[in-house]
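Notes for the one structure printed next.
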Amino acid sequence: VKPLLTQLDHEDPKVVKATIWALGKIGADPVLSEGPPPVRVSDTLAAYCRRILAANGQAAPSSVDLLAAAARALGSLRRDEPTPVVIELLAALVDHKDGNVRFETASALGPLASERAFRVLLQRVDVEPEINVRRAILGSIGRQARASVAHVPSAVHTLVPFLFNTREELQPLRQESQYALVPLAKQPDLVGLSAILDAIEAHGGDPATLEPVARSFLGFLPEFDAEDLSRLSEPVRRRYYALLARRAAVRLRDEPAKALADYSDVLSGRGWHTVDAIDAASLPIFLGKAKALLTIPAKRPKEAFGIAEACLDHKATAETWGVTLDALEVLKQTTPAELPPLLERMGKRIGAAPEEVRKRYEALRRPGKPSQSKAPSGTSGEGA
C-alpha cells in the first residue's frame, strides 16, 4: 500500500486518479503507522484532499475530479470507526461548489459509523440544490439508520415527508425516500416500522392521502404465530400489538372482518379478555372491535353495544357515545324487539350526554326504522 500512496504526488492527474481508485478497492482501511494515534490509508487520502483545497484546487477541473474520486474511495474503505480527520474533510466537501464532489461525498457519508456523519447529512438535505445529490443524501441517511437503531427516529422524521411531496420534479426524492424506508420497515425489532407509522400520522393532512401510505408500510408487518410470539422480547411483542391495532384501524372501513380479527388478536395477546379489563390503554382496542362488529356483513350489534357501553362506563366521550348509539341504531334496523330494554338502560344516563347525543337518542325512541344506515362513528379516515 505504501508504494501506491507515493503515486498521489505524481504529476499526471490520470495516474493520481487511478491510484485513488485502487486505494478505494483495498477493502479494509489499512493501518500505515501505529501512532498514537494510528494513521490509516483514509487519513492519508484525507490529507491529500486538504492539500488540494489549500492550493485552491476548487478552480482546477482536474483537481475537482480528484476530490470526487477521493470522496468515493473514502466511502469504500471499511473501518470500525472513521477518524475525525476523515469525517471533518467530508463535512467540508459536502458543501463544495461542484455537484459531483457533493454527490460522491454524500454517498461516502452513508457507510461511515459516525454520529457526526449522520448529523451532517441531516443538516444538508434541505439546503442541497441538486436533485441527484439530495437523492444520495437520502440514501445515506437510510443507510445510517439501518446501521444504528439510535438514528432511526431522526432518519424517519426526515425521510417520510418526501413521500407526500407531489411536485413532479421531486419524484426521484419520493422514490429514494421509499427505497430508504422499506429496509427500516422490515427490521425484525419493529422499531423502524413503528417510527414510520408515527411519522406518517404526525405529518397530518388529508386522511385519504395518508391512509394508502400507511397501509403500504403496514404490509411489512410480520404474521406471527403463537410460537413466534413466545420467542419475542416483551418490548418487541408490545410493539407488534401496537402495530396490529394500527393495521386494524386502517382495515376497518374496507376489510372489517380482517380488522375484527386484528383487534381480537390484540385483546387476546395483551390479556384483555373481558370488558372488565378496559382502561386507558385498552379502550381504543375494545372500541375498535365494537366498530368492526358493526361493519362486518353479518353485523353483531348486541355484542358491539355491550363493548361500547363498557367503554362509555370507563370514559364518556363523543366517540364512546357515538359507537354506543351506532349499535342501537343497527339493532333498531335488524332486531328492534331487543331495543327497548337497552334504550331504558341508556335513558338513565342520557341526561348528562351532549345535546347531539340526546337528539340521536330521542330519534331512536321514535317508532320506525332509521331512513338509512350509517357508518359506525369514527370509521372514516382512521388509522393513518
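Ordered as shown in the C-alpha cells, chains take letters A, B, and onward, while each chain numbers its residues from 1 and ligands are numbered from 1 in the order shown.
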
Q | A:Cys311 surroundings by only C-alpha atoms, 7 Å radius, close-in-sequence under 5 positions cut, as a list in words | A |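 Selected residues are Ile278, Leu283, Leu287 and Thr320 of chain A.
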
Q: Excluding A:Leu45 and residues on its chain fewer than 5 positions from it, collect all residues at most 10 Å away from it, counting only C-alpha atoms, and give them as number ranges by chain.
A: A: 5, 8, 20, 23-24, 40, 50-51, 67, 70-71, 73-74, 85-86, 89

Q.
What's around A:Tyr263 at 9 Å? Count only C-alpha atoms, leave out sequence neighbours fewer than 6 positions away in its own chain, and write the answer as a list in words.
A.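 Returned residues: Leu244, Ala245, Ala248, Ala249, Ile285, Phe286, Gly288, Lys289 and Ala292 of chain A.
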
**Q.** Interatomic distance (Å, one decimal) between atom CA of A:Lys258 and atom CA of A:Pro297
**A.** 12.0 Å

Q) Which one is closest to A:Gly27: A:Ile87, A:Val152, A:Leu77, A:Ala68? Count only C-alpha atoms. A)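 Checking each candidate against A:Gly27, we get A:Leu77 as the closest.
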
Q) What lies within 9 Å of A:Pro222 using only C-alpha atoms, ignoring chain neighbours under 6 positions off, as a list of chain:residue names? A)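 Answer for this query is A:Lys186, A:Pro188, A:Tyr240.
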
Q: With a distance cut-off of 10 Å and only C-alpha atoms, select the neighbouring residues of stretch 82-84 of chain A, excluding the residue or stretch itself and same-chain residues fewer than 6 positions from it, and output the selection as a PyMOL selection string.
A: chain A and resi 29+37-40+42-43+46+74-75+90+111-114+116-117

Based on the selection just made, write C-alpha atoms of those residues as a PDB file, in the first residue's frame.
```
ATOM      1  CA  ASP A  29      -8.744   0.533   5.805  1.00  0.00           C
ATOM      2  CA  PRO A  37      -2.844   7.918  17.050  1.00  0.00           C
ATOM      3  CA  PRO A  38      -2.701   5.237  14.338  1.00  0.00           C
ATOM      4  CA  VAL A  39      -2.604   6.553  10.788  1.00  0.00           C
ATOM      5  CA  ARG A  40      -4.688   4.771   8.140  1.00  0.00           C
ATOM      6  CA  SER A  42      -8.093   7.037   4.747  1.00  0.00           C
ATOM      7  CA  ASP A  43      -6.183   9.619   6.806  1.00  0.00           C
ATOM      8  CA  ALA A  46      -7.970  12.998   3.580  1.00  0.00           C
ATOM      9  CA  LEU A  74     -13.137   7.230   1.456  1.00  0.00           C
ATOM     10  CA  GLY A  75     -16.649   5.813   1.444  1.00  0.00           C
ATOM     11  CA  LEU A  90     -16.179  15.020   4.203  1.00  0.00           C
ATOM     12  CA  PRO A 111     -21.482   3.776   5.398  1.00  0.00           C
ATOM     13  CA  LEU A 112     -19.424   5.682   7.983  1.00  0.00           C
ATOM     14  CA  ALA A 113     -20.325   4.711  11.545  1.00  0.00           C
ATOM     15  CA  SER A 114     -20.299   8.232  12.918  1.00  0.00           C
ATOM     16  CA  ARG A 116     -21.101  13.471  13.098  1.00  0.00           C
ATOM     17  CA  ALA A 117     -21.562  11.998   9.605  1.00  0.00           C
TER      18      ALA A 117
END
```

Q: Please provide as an MDAnalysis selection string all residues within 12 Å of A:Leu121, with the sequence filter that same-chain residues fewer than 2 positions apart are discarded (counting only C-alpha atoms).
A: chainID A and resid 87 90:95 102:103 105:112 114:119 123:128 133:145 151 154:155 158:159

Q: Name the residues in contact with A:Thr317 at a cut-off of 12 Å, using only C-alpha atoms, excluding same-chain residues fewer than 3 positions from it; report them as a PyMOL selection string.
A: chain A and resi 283-284+287+308-309+311-314+320-324+352-354+357+377

Q | Nearest candidate to A:Arg215 (options A:His203, A:His273, A:Arg247, A:His96; using only C-alpha atoms) | A | A:Arg247

Q: Find, counting only C-alpha atoms, the residue in A:Ile131, A:Leu197, A:Leu325, A:Ile26 that gets nearest to A:Leu210.
A: A:Leu197

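Compared by their closest atoms to A:Leu343, and using only C-alpha atoms, the residues A:Asp254, A:Asp265, A:Asp228, A:Glu329 rank with A:Glu329 nearest.
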
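Between atom CA of A:Arg79 and atom CA of A:Ala28 lies a distance of 6.1 Å.
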